[in-house]
>>> print(open('work.txt').read())   # compact mmCIF, C-alpha atoms
# COMPACT_ATOMS: atom_id res chain seq x y z
CA MET A 119 -38.33 10.14 10.70
CA LYS A 120 -36.76 10.24 14.14
CA THR A 121 -36.73 6.44 14.24
CA ALA A 122 -34.90 6.33 10.90
CA PHE A 123 -32.32 8.87 12.03
CA PHE A 124 -31.96 7.08 15.37
CA SER A 125 -31.13 3.82 13.55
CA VAL A 126 -28.40 5.62 11.56
CA VAL A 127 -26.98 7.18 14.72
CA LEU A 128 -27.08 3.82 16.48
CA GLY A 129 -25.20 2.17 13.60
CA HIS A 130 -22.42 4.75 13.71
CA LEU A 131 -22.38 4.63 17.50
CA PHE A 132 -21.90 0.85 17.52
CA THR A 133 -18.94 1.36 15.18
CA VAL A 134 -17.50 3.93 17.58
CA VAL A 135 -17.91 1.51 20.50
CA LEU A 136 -16.25 -1.35 18.62
CA ILE A 137 -13.34 0.84 17.50
CA SER A 138 -12.96 2.09 21.08
CA ALA A 139 -12.74 -1.50 22.29
CA TYR A 140 -10.15 -2.26 19.60
CA ARG A 141 -8.07 0.81 20.46
CA TYR A 142 -7.97 -0.09 24.15
CA GLY A 143 -4.72 -1.89 24.89
CA HIS A 144 -3.49 -1.62 21.28
CA GLU A 145 -0.93 0.70 19.78
CA ARG A 146 -2.75 3.73 18.44
CA ASP A 147 -3.10 3.59 14.65
CA LYS A 148 -3.36 6.94 12.87
CA LEU A 149 -5.66 5.54 10.19
CA ILE A 150 -8.06 4.06 12.74
CA ASN A 151 -7.98 7.31 14.72
CA VAL A 152 -8.96 9.34 11.64
CA PHE A 153 -11.89 7.02 10.90
CA TYR A 154 -12.82 7.09 14.60
CA VAL A 155 -13.06 10.90 14.53
CA SER A 156 -15.23 10.79 11.40
CA LYS A 157 -17.67 8.43 13.11
CA TRP A 158 -17.96 10.69 16.16
CA LEU A 159 -18.68 13.68 13.92
CA GLU A 160 -21.42 11.72 12.16
CA VAL A 161 -22.87 10.45 15.44
CA ILE A 162 -23.12 13.99 16.79
CA GLY A 163 -24.35 15.45 13.49
CA TRP A 164 -27.11 12.92 12.84
CA GLY A 165 -27.91 12.83 16.56
CA LEU A 166 -28.71 16.56 16.53
CA VAL A 167 -31.04 16.00 13.57
CA ILE A 168 -33.25 13.89 15.84
CA PHE A 169 -33.90 16.98 17.95
CA ARG A 170 -34.97 19.15 15.03
CA GLY A 171 -37.86 21.29 16.18
CA SER A 172 -36.62 21.18 19.76
CA VAL A 173 -33.45 23.19 19.10
CA PRO A 174 -32.93 26.51 17.29
CA GLU A 175 -33.12 26.26 13.50
CA TYR A 176 -29.55 27.48 13.08
CA ILE A 177 -28.27 24.49 15.11
CA SER A 178 -30.48 22.00 13.28
CA LEU A 179 -29.26 23.36 9.93
CA GLY A 180 -25.95 25.17 10.23
CA VAL A 181 -24.24 23.23 12.99
CA VAL A 182 -25.57 19.85 11.87
CA ASN A 183 -24.48 20.26 8.26
CA SER A 184 -21.12 21.68 9.32
CA LEU A 185 -20.52 18.57 11.41
CA LEU A 186 -21.62 16.31 8.57
CA PHE A 187 -19.36 18.12 6.08
CA ALA A 188 -16.46 17.68 8.48
CA GLY A 189 -17.38 14.02 9.01
CA SER A 190 -17.52 13.38 5.27
CA ALA A 191 -14.15 15.08 4.79
CA VAL A 192 -12.44 13.12 7.56
CA GLU A 193 -13.95 9.83 6.40
CA THR A 194 -12.85 10.32 2.80
CA ILE A 195 -9.39 11.24 4.13
CA ALA A 196 -9.39 7.85 5.88
CA LEU A 197 -10.40 6.20 2.58
CA SER A 198 -7.46 7.94 0.90
CA MET A 199 -5.07 6.90 3.67
CA VAL A 200 -6.06 3.24 3.45
CA GLN A 201 -5.05 3.39 -0.23
CA HIS A 202 -1.72 5.13 0.56
CA ALA A 203 -3.00 8.08 -1.46
CA TYR A 204 -2.91 10.76 1.21
CA ASN A 205 -0.22 13.44 1.10
CA ARG A 206 0.23 17.14 1.87
CA LYS A 207 -1.40 18.27 -1.35
CA VAL A 208 -4.46 16.08 -0.75
CA ARG A 209 -4.65 17.33 2.84
CA ARG A 210 -4.57 20.97 1.75
CA ASN A 211 -7.28 20.33 -0.83
CA TYR A 212 -9.52 18.59 1.69
CA ILE A 213 -9.05 21.30 4.31
CA GLY A 214 -9.76 24.03 1.77
CA PHE A 215 -12.85 22.31 0.35
CA THR A 216 -14.19 21.52 3.84
CA ILE A 217 -13.90 25.19 4.82
CA PHE A 218 -15.57 26.20 1.55
CA SER A 219 -18.45 23.76 2.15
CA ILE A 220 -19.07 24.84 5.75
CA VAL A 221 -18.78 28.57 5.09
CA GLY A 222 -20.79 28.35 1.87
CA PHE A 223 -23.68 26.44 3.45
CA ASN A 224 -23.87 28.76 6.45
CA LEU A 225 -23.88 31.78 4.15
CA LEU A 226 -26.85 30.30 2.30
CA ILE A 227 -28.67 30.01 5.63
CA LEU A 228 -27.84 33.58 6.66
CA LEU A 229 -28.97 34.90 3.26
CA GLY A 230 -32.28 33.07 3.58
CA VAL A 231 -31.77 31.02 0.41
CA GLN A 232 -34.55 28.53 -0.28
CA GLU A 233 -34.30 24.91 0.83
CA GLY A 234 -33.82 23.45 -2.69
CA THR A 235 -30.64 25.46 -3.25
CA ARG A 236 -29.26 24.48 0.16
CA ILE A 237 -29.96 20.81 -0.52
CA ALA A 238 -28.27 21.08 -3.93
CA PHE A 239 -25.20 22.73 -2.41
CA ALA A 240 -24.91 20.19 0.41
CA SER A 241 -25.40 17.22 -1.92
CA LEU A 242 -22.89 18.55 -4.44
CA CYS A 243 -20.23 19.19 -1.79
CA THR A 244 -20.72 15.81 -0.12
CA GLY A 245 -20.46 14.07 -3.50
CA MET A 246 -17.27 15.99 -4.33
CA PHE A 247 -15.62 14.65 -1.17
CA LEU A 248 -15.94 11.15 -2.64
CA VAL A 249 -14.49 11.88 -6.08
CA TYR A 250 -10.81 11.47 -5.21
CA PRO A 251 -10.98 8.18 -3.23
CA VAL A 252 -13.42 6.75 -5.81
CA TYR A 253 -11.02 7.62 -8.62
CA ARG A 254 -8.12 6.02 -6.75
CA MET A 255 -10.08 2.82 -6.10
CA ILE A 256 -11.32 2.43 -9.68
CA ALA A 257 -8.52 3.85 -11.84
CA ARG A 258 -5.58 1.97 -10.31
CA GLY A 259 -4.85 -1.17 -12.31
CA SER A 260 -3.34 -2.89 -9.27
CA ALA A 261 -6.41 -2.30 -7.08
CA SER A 262 -7.86 -5.39 -5.42
CA LYS A 263 -11.35 -6.64 -6.19
CA LEU A 264 -12.52 -5.28 -2.83
CA LYS A 265 -11.16 -1.79 -3.54
CA ARG A 266 -12.63 -1.81 -7.03
CA LEU A 267 -16.06 -2.91 -5.75
CA MET A 268 -15.93 -0.27 -2.99
CA GLY A 269 -15.00 2.30 -5.62
CA TYR A 270 -18.00 1.44 -7.77
CA LEU A 271 -20.37 1.49 -4.78
CA TYR A 272 -19.05 4.84 -3.58
CA GLY A 273 -19.25 6.04 -7.18
CA ILE A 274 -22.95 5.19 -7.23
CA VAL A 275 -23.35 7.13 -3.97
CA ALA A 276 -21.57 10.16 -5.47
CA LEU A 277 -23.71 10.01 -8.63
CA GLY A 278 -26.83 9.77 -6.47
CA LEU A 279 -25.77 12.89 -4.56
CA PHE A 280 -25.08 14.78 -7.78
CA GLY A 281 -28.48 13.67 -9.11
CA ARG A 282 -30.15 14.87 -5.91
CA ALA A 283 -28.43 18.24 -6.34
CA VAL A 284 -29.71 18.62 -9.91
CA MET A 285 -33.24 17.56 -9.02
CA SER A 286 -33.32 19.98 -6.07
CA LEU A 287 -32.56 22.85 -8.43
CA PHE A 288 -34.69 21.96 -11.43
CA THR A 289 -37.76 20.13 -10.13
CA GLU A 290 -40.67 21.12 -7.95
CA GLN A 291 -40.51 17.88 -6.01
CA PRO A 292 -39.59 18.32 -2.30
CA MET A 293 -36.19 16.71 -1.63
CA GLY A 294 -35.74 17.40 2.10
CA PHE A 295 -35.52 14.68 4.75
CA PHE A 296 -38.45 16.20 6.64
CA THR A 297 -40.82 16.57 3.71
CA PRO A 298 -42.97 13.44 3.12
CA SER A 299 -42.47 12.10 -0.42
CA VAL A 300 -41.09 9.11 -2.31
CA TYR A 301 -37.71 10.88 -2.29
CA GLN A 302 -37.80 10.99 1.48
CA ALA A 303 -38.18 7.21 1.65
CA LEU A 304 -35.39 6.71 -0.91
CA SER A 305 -33.16 9.12 0.99
CA PHE A 306 -33.62 7.23 4.26
CA LEU A 307 -32.94 3.91 2.56
CA SER A 308 -29.84 5.32 0.88
CA LEU A 309 -28.64 6.81 4.17
CA TYR A 310 -28.89 3.44 5.89
CA LEU A 311 -27.15 1.57 3.07
CA ILE A 312 -24.38 4.19 2.96
CA MET A 313 -23.85 3.73 6.70
CA ILE A 314 -23.32 -0.02 6.17
CA LEU A 315 -21.02 0.65 3.22
CA GLU A 316 -18.96 3.18 5.18
CA ASN A 317 -18.51 1.11 8.31
CA THR A 318 -18.22 -2.43 6.99
CA GLY A 319 -16.37 -1.43 3.83
CA PHE A 320 -13.73 0.59 5.64
CA ILE A 321 -13.03 -2.16 8.17
CA LEU A 322 -12.58 -4.65 5.31
CA LEU A 323 -10.24 -2.25 3.50
CA TYR A 324 -8.25 -1.79 6.71
CA LYS A 325 -8.06 -5.57 7.18
CA GLU A 326 -6.87 -5.96 3.60
CA GLN A 327 -4.16 -3.33 4.15
CA ALA A 328 -3.04 -5.08 7.34
CA ASP A 329 -2.88 -8.42 5.51
CA GLU A 330 -0.78 -6.86 2.73
CA ARG A 331 1.58 -5.39 5.33
CA LEU A 332 1.96 -8.74 7.09
CA ILE A 333 2.58 -10.54 3.79
CA ARG A 334 5.23 -8.00 2.87
CA MET A 335 6.90 -8.33 6.27
CA ALA A 336 6.95 -12.10 5.85
CA THR A 337 8.20 -11.92 2.25
CA TYR A 338 10.76 -9.12 2.03
CA ASP A 339 13.87 -8.16 3.93
CA ASP A 340 13.22 -5.05 6.03
CA LEU A 341 16.47 -3.28 5.26
CA THR A 342 17.06 -3.95 1.56
CA GLY A 343 13.57 -4.62 0.22
CA THR A 344 14.77 -7.84 -1.43
CA LEU A 345 13.18 -11.25 -0.91
CA ASN A 346 14.11 -12.77 2.42
CA ARG A 347 15.86 -16.13 2.49
CA ARG A 348 12.78 -18.24 3.19
CA THR A 349 10.70 -16.64 0.43
CA PHE A 350 13.59 -16.74 -2.05
CA ILE A 351 14.04 -20.48 -1.47
CA GLU A 352 10.30 -21.18 -1.79
CA GLN A 353 9.94 -19.22 -5.04
CA ALA A 354 13.21 -20.55 -6.43
CA GLU A 355 12.21 -24.17 -5.73
CA HIS A 356 8.93 -23.60 -7.57
CA GLN A 357 10.70 -22.05 -10.56
CA LEU A 358 13.29 -24.83 -10.65
CA VAL A 359 10.55 -27.44 -10.94
CA GLN A 360 8.96 -25.55 -13.84
CA LEU A 361 12.30 -25.02 -15.59
CA SER A 362 13.24 -28.67 -15.21
CA ARG A 363 9.98 -29.77 -16.78
CA SER A 364 10.46 -27.41 -19.71
CA ARG A 365 14.13 -28.50 -19.97
CA SER A 366 15.38 -24.92 -19.74
CA ALA A 367 18.77 -23.86 -18.44
CA VAL A 368 19.08 -21.95 -15.16
CA SER A 369 21.86 -20.03 -13.43
CA PHE A 370 22.41 -19.17 -9.79
CA LEU A 371 24.54 -16.29 -8.47
CA LEU A 372 25.76 -16.16 -4.89
CA PHE A 373 27.75 -13.10 -3.82
CA ASP A 374 28.78 -10.97 -0.88
CA ILE A 375 30.51 -7.64 -0.29
CA ASP A 376 34.28 -7.72 -0.08
CA HIS A 377 35.65 -6.74 3.34
CA TYR A 378 32.17 -5.81 4.59
CA LYS A 379 33.23 -6.26 8.22
CA ASN A 380 35.97 -3.70 7.70
CA ILE A 381 33.39 -1.23 6.35
CA ASN A 382 31.29 -1.64 9.49
CA ASP A 383 34.30 -1.42 11.79
CA THR A 384 35.76 1.63 10.01
CA TYR A 385 32.70 3.69 9.14
CA GLY A 386 30.00 2.31 11.44
CA HIS A 387 26.96 0.08 11.00
CA ILE A 388 24.76 2.90 9.70
CA VAL A 389 27.14 3.36 6.77
CA GLY A 390 27.23 -0.42 6.37
CA ASP A 391 23.45 -0.43 6.08
CA ARG A 392 23.65 2.30 3.44
CA VAL A 393 26.02 0.10 1.44
CA LEU A 394 23.55 -2.80 1.61
CA THR A 395 20.54 -0.71 0.64
CA GLY A 396 22.37 1.15 -2.13
CA MET A 397 23.80 -2.03 -3.61
CA SER A 398 20.44 -3.84 -3.41
CA ALA A 399 18.62 -1.00 -5.16
CA LEU A 400 21.28 -0.90 -7.88
CA ILE A 401 21.13 -4.65 -8.54
CA GLN A 402 17.34 -4.65 -8.60
CA GLU A 403 17.48 -1.89 -11.19
CA LYS A 404 20.01 -3.80 -13.32
CA LEU A 405 18.11 -7.08 -13.14
CA LYS A 406 14.83 -5.43 -14.24
CA ASP A 407 12.71 -8.33 -12.94
CA ILE A 408 14.52 -10.95 -15.05
CA GLY A 409 15.24 -13.12 -12.01
CA LEU A 410 14.74 -13.65 -8.30
CA PHE A 411 16.89 -11.55 -5.98
CA GLY A 412 17.11 -12.24 -2.26
CA ARG A 413 19.16 -11.64 0.83
CA PHE A 414 20.48 -14.80 2.46
CA GLY A 415 21.80 -13.06 5.55
CA GLY A 416 24.29 -10.38 6.51
CA ASP A 417 25.97 -9.19 3.31
CA GLU A 418 25.26 -12.41 1.37
CA PHE A 419 22.80 -12.27 -1.53
CA ALA A 420 21.56 -14.67 -4.20
CA VAL A 421 20.09 -14.31 -7.69
CA LEU A 422 18.24 -17.00 -9.66
CA LEU A 423 18.35 -16.45 -13.44
CA PRO A 424 15.80 -18.66 -15.23
CA GLY A 425 16.65 -19.59 -18.83
CA MET A 426 20.22 -18.24 -18.69
CA ASP A 427 23.06 -20.40 -19.96
CA GLU A 428 26.69 -20.07 -18.92
CA LYS A 429 27.51 -17.30 -21.38
CA ARG A 430 24.57 -15.08 -20.49
CA SER A 431 24.92 -15.66 -16.75
CA GLY A 432 28.59 -14.71 -17.01
CA GLU A 433 27.65 -11.49 -18.80
CA THR A 434 25.00 -10.74 -16.16
CA ALA A 435 27.43 -11.42 -13.32
CA GLU A 436 29.98 -9.07 -14.88
CA LEU A 437 27.30 -6.40 -15.40
CA LEU A 438 26.33 -6.55 -11.74
CA ARG A 439 29.93 -6.69 -10.49
CA SER A 440 31.04 -3.68 -12.54
CA ALA A 441 27.91 -1.71 -11.57
CA VAL A 442 28.60 -2.23 -7.88
CA GLU A 443 32.26 -1.28 -8.34
CA ALA A 444 31.19 1.99 -10.01
CA MET A 445 28.67 2.73 -7.26
CA ARG A 446 29.55 5.54 -4.90
CA ILE A 447 28.49 5.85 -1.27
CA PRO A 448 29.05 9.43 0.04
CA SER A 449 30.32 8.23 3.43
CA ILE A 450 32.90 5.84 1.95
CA PRO A 451 35.90 7.23 0.02
CA VAL A 452 36.68 3.88 -1.64
CA SER A 453 34.82 1.61 -4.07
CA VAL A 454 32.58 -1.16 -2.81
CA THR A 455 33.20 -4.48 -4.57
CA VAL A 456 31.60 -7.90 -4.58
CA SER A 457 32.79 -11.44 -5.18
CA MET A 458 30.48 -13.83 -7.00
CA GLY A 459 30.01 -17.54 -7.39
CA VAL A 460 28.06 -18.59 -10.50
CA VAL A 461 26.41 -21.96 -11.09
CA THR A 462 24.79 -22.92 -14.41
CA LEU A 463 22.72 -26.05 -14.93
CA ASP A 464 21.87 -27.36 -18.37
CA LYS A 465 18.56 -28.77 -19.51
CA GLY A 466 16.93 -31.54 -17.53
CA PHE A 467 18.61 -30.82 -14.19
CA GLU A 468 17.47 -32.26 -10.87
CA PRO A 469 19.10 -30.25 -8.02
CA GLY A 470 17.26 -27.86 -5.74
CA VAL A 471 18.26 -24.61 -4.10
CA ASN A 472 20.34 -26.27 -1.36
CA LYS A 473 22.70 -27.85 -3.89
CA LEU A 474 22.86 -24.66 -5.92
CA TYR A 475 23.79 -22.80 -2.76
CA LYS A 476 26.49 -25.36 -1.91
CA TRP A 477 28.05 -25.12 -5.38
CA GLY A 478 27.67 -21.35 -5.47
CA ASP A 479 29.41 -21.09 -2.09
CA GLN A 480 32.34 -23.13 -3.42
CA ALA A 481 32.63 -20.86 -6.46
CA LEU A 482 32.34 -17.78 -4.22
CA TYR A 483 35.16 -19.08 -2.05
CA GLU A 484 37.28 -19.53 -5.18
CA ALA A 485 36.49 -15.94 -6.20
CA LYS A 486 37.78 -14.78 -2.81
CA ARG A 487 40.97 -16.80 -3.31
CA SER A 488 41.37 -15.29 -6.79
CA GLY A 489 41.69 -11.79 -5.40
CA ARG A 490 38.03 -10.79 -4.86
CA ASN A 491 36.03 -8.36 -7.04
CA CYS A 492 35.43 -11.07 -9.64
CA ALA A 493 32.97 -13.80 -10.62
CA VAL A 494 33.86 -17.49 -10.79
CA HIS A 495 31.82 -20.16 -12.51
CA PHE A 496 31.46 -23.42 -10.60
CA ARG A 497 32.93 -26.35 -12.47
CA PHE A 498 31.83 -29.88 -11.88
CA PRO A 499 34.64 -32.32 -11.05
CA GLU A 500 35.52 -33.23 -14.63
CA GLU A 501 35.94 -29.58 -15.60
CA GLN A 502 38.26 -26.75 -14.54
CA GLN A 503 37.07 -23.54 -12.92
CA ARG A 504 37.32 -20.33 -14.86
CA VAL A 505 37.50 -16.74 -13.63
CA ILE A 506 35.18 -14.32 -15.49
CA GLU A 507 37.01 -11.07 -16.01
>>> encode(input="work.txt", output="structure tokens")
Amino acid sequence: MKTAFFSVVLGHLFTVVLISAYRYGHERDKLINVFYVSKWLEVIGWGLVIFRGSVPEYISLGVVNSLLFAGSAVETIALSMVQHAYNRKVRRNYIGFTIFSIVGFNLLILLGVQEGTRIAFASLCTGMFLVYPVYRMIARGSASKLKRLMGYLYGIVALGLFGRAVMSLFTEQPMGFFTPSVYQALSFLSLYLIMILENTGFILLYKEQADERLIRMATYDDLTGTLNRRTFIEQAEHQLVQLSRSRSAVSFLLFDIDHYKNINDTYGHIVGDRVLTGMSALIQEKLKDIGLFGRFGGDEFAVLLPGMDEKRSGETAELLRSAVEAMRIPSIPVSVTVSMGVVTLDKGFEPGVNKLYKWGDQALYEAKRSGRNCAVHFRFPEEQQRVIE
């Protein structure tokens, strides 16, 4: 028994050592720190179990289980944090249930309640800690395959704990770790597998979260949340190829904020940033995922509208222009307006994003010359340009 517990302690201790090595010289990560604390609690808790018989019974039961309850709570908090599902309400619930578990178990000891009831209570409480993160991992439709698999595995663990609680109450079979039986062997095996699931699974979830964060940083503009220029061009080029093959029309909008430099100079760059973020959020809401929207730099933005002919792109440009004009920024007493250049290509086109940008820039320049706060369609040499009012 001591060898089995020692192997569990050693597994958690190796995790602590590896996390300590990772934390050294790196910026402290709150999520890693929470998981780190949970591992220390489990190392100490299971480590004290090894000395059962050599220490007072209250320590081997009350203190050990209190540490393990706290470890389970902190670890499931880390599981919630890695899913971005941890907030004040969740924290209050975990703190309250952890206190209930610790106080309740110690009361059972003080009242001299039989071992089966204590095992049932401990198993039930430990299983309940897992319910919320398991639900988040399984129920979310956008969950990755790794999260979903982890959710199912942790779900099996929770069901096993609930089953152990029921059997402890309603069967005569001994369910304790220190009572020789088939359940003892299954419990040790489960404990070892759970240790592997906890340690390896969490690190993989953390790695997945870090990868998602890096992908987002490489894909989206930090300030506005729109696609950055590189990603917009890559995705637009891909869509243009598909649209050309299907002989569908496509429109391209290039626009910037009128007199944006004056806004920064008059009201400050913080207010200028608010204009950019407010306008970006508004346009994203109006587009409703019907096209690509990206920031090309400064106050210049672009929109690719697959399948839109000249008429529809003109209507969309006017919708966006009028929405921005009606937008109000508390720190600015005047309306914010935009000028737009619109390019529409008919079926079977060849050009890529660079040519669309060149033509859109020419139309945008014409919109500026036409008095700003308007949208101008680019006209190829044989045609005349037209202002969309």
>>> residues_around(input="work.txt", residues="Gly425 in chain A", least_positions_apart="4", cutoff="8 Å", atoms="all atoms listed in the file", output="PDB file with C-alpha atoms, keeping the file's coordinate frame")
ATOM      1  CA  LEU A 361      12.300 -25.020 -15.590  1.00  0.00           C
ATOM      2  CA  SER A 366      15.380 -24.920 -19.740  1.00  0.00           C
ATOM      3  CA  ALA A 367      18.770 -23.860 -18.440  1.00  0.00           C
ATOM      4  CA  VAL A 368      19.080 -21.950 -15.160  1.00  0.00           C
ATOM      5  CA  SER A 369      21.860 -20.030 -13.430  1.00  0.00           C
TER       6      SER A 369
END
>>> closest_residue(input="work.txt", among="A:Val359, A:Leu225, A:Val127, A:Leu277", to="Lys157 in chain A", atoms="all atoms listed in the file")
A:Val127
>>> closest_residue(input="work.txt", among="A:Arg331, A:Arg363, A:Ile450, A:Leu166", to="Phe467 in chain A", atoms="all atoms listed in the file")
A:Arg363
>>> residues_around(input="work.txt", residues="Ile408 in chain A", least_positions_apart="2", cutoff="7 Å", atoms="all atoms listed in the file", output="JSON, numbers by chain")
{"A": [405, 406, 423]}
>>> closest_atom_pairs(input="work.txt", of="range 405-489 of chain A", to="range 398-401 of chain A", cutoff="10 Å", atoms="only C-alpha atoms", output="JSON lines")
{"residue": "A:Leu405", "atom": "CA", "partner": "A:Ile401", "partner_atom": "CA", "distance": 6.0}
{"residue": "A:Lys406", "atom": "CA", "partner": "A:Ile401", "partner_atom": "CA", "distance": 8.5}
{"residue": "A:Phe411", "atom": "CA", "partner": "A:Ile401", "partner_atom": "CA", "distance": 8.5}
{"residue": "A:Gly412", "atom": "CA", "partner": "A:Ser398", "partner_atom": "CA", "distance": 9.1}
{"residue": "A:Arg413", "atom": "CA", "partner": "A:Ser398", "partner_atom": "CA", "distance": 9.0}
{"residue": "A:Phe419", "atom": "CA", "partner": "A:Ser398", "partner_atom": "CA", "distance": 9.0}
{"residue": "A:Val421", "atom": "CA", "partner": "A:Ile401", "partner_atom": "CA", "distance": 9.8}
{"residue": "A:Leu437", "atom": "CA", "partner": "A:Ile401", "partner_atom": "CA", "distance": 9.4}
{"residue": "A:Leu438", "atom": "CA", "partner": "A:Ile401", "partner_atom": "CA", "distance": 6.4}
{"residue": "A:Arg439", "atom": "CA", "partner": "A:Ile401", "partner_atom": "CA", "distance": 9.2}
{"residue": "A:Ala441", "atom": "CA", "partner": "A:Leu400", "partner_atom": "CA", "distance": 7.6}
{"residue": "A:Val442", "atom": "CA", "partner": "A:Leu400", "partner_atom": "CA", "distance": 7.4}
{"residue": "A:Met445", "atom": "CA", "partner": "A:Leu400", "partner_atom": "CA", "distance": 8.3}
>>> write_last_selection(input="work.txt", atoms="C-alpha atoms", output="PDB file, in the frame of the given file")
ATOM      1  CA  LEU A 405      18.110  -7.080 -13.140  1.00  0.00           C
ATOM      2  CA  LYS A 406      14.830  -5.430 -14.240  1.00  0.00           C
ATOM      3  CA  PHE A 411      16.890 -11.550  -5.980  1.00  0.00           C
ATOM      4  CA  GLY A 412      17.110 -12.240  -2.260  1.00  0.00           C
ATOM      5  CA  ARG A 413      19.160 -11.640   0.830  1.00  0.00           C
ATOM      6  CA  PHE A 419      22.800 -12.270  -1.530  1.00  0.00           C
ATOM      7  CA  VAL A 421      20.090 -14.310  -7.690  1.00  0.00           C
ATOM      8  CA  LEU A 437      27.300  -6.400 -15.400  1.00  0.00           C
ATOM      9  CA  LEU A 438      26.330  -6.550 -11.740  1.00  0.00           C
ATOM     10  CA  ARG A 439      29.930  -6.690 -10.490  1.00  0.00           C
ATOM     11  CA  ALA A 441      27.910  -1.710 -11.570  1.00  0.00           C
ATOM     12  CA  VAL A 442      28.600  -2.230  -7.880  1.00  0.00           C
ATOM     13  CA  MET A 445      28.670   2.730  -7.260  1.00  0.00           C
TER      14      MET A 445
END
>>> residues_around(input="work.txt", residues="Tyr310 in chain A", least_positions_apart="6", cutoff="12 Å", atoms="all atoms listed in the file", output="PyMOL selection string")
chain A and resi 121-130+164+275+303-304+316-317
>>> atom_distance(input="work.txt", atom1="CA of Ala188 in chain A", atom2="CA of Lys325 in chain A")
24.8 Å
>>> atom_distance(input="work.txt", atom1="CA of Leu315 in chain A", atom2="CA of Thr289 in chain A")
28.9 Å
>>> residues_around(input="work.txt", residues="range 171-185 of chain A", least_positions_apart="5", cutoff="8 Å", atoms="all atoms listed in the file", output="tab-separated table (two decimals) with C-alpha atoms, in the frame of the given file")
chain	number	residue	atom	x	y	z
A	159	LEU	CA	-18.68	13.68	13.92
A	160	GLU	CA	-21.42	11.72	12.16
A	162	ILE	CA	-23.12	13.99	16.79
A	163	GLY	CA	-24.35	15.45	13.49
A	164	TRP	CA	-27.11	12.92	12.84
A	166	LEU	CA	-28.71	16.56	16.53
A	219	SER	CA	-18.45	23.76	2.15
A	220	ILE	CA	-19.07	24.84	5.75
A	223	PHE	CA	-23.68	26.44	3.45
A	224	ASN	CA	-23.87	28.76	6.45
A	227	ILE	CA	-28.67	30.01	5.63
A	240	ALA	CA	-24.91	20.19	0.41
>>> atom_distance(input="work.txt", atom1="CA of Ala257 in chain A", atom2="CA of His202 in chain A")
14.2 Å
>>> closest_residue(input="work.txt", among="A:Arg334, A:Arg446, A:Lys429, A:Arg258", to="Val393 in chain A", atoms="only C-alpha atoms")
A:Arg446
>>> closest_residue(input="work.txt", among="A:Thr462, A:Thr235, A:Thr344, A:Thr384", to="Gly396 in chain A", atoms="only C-alpha atoms")
A:Thr344
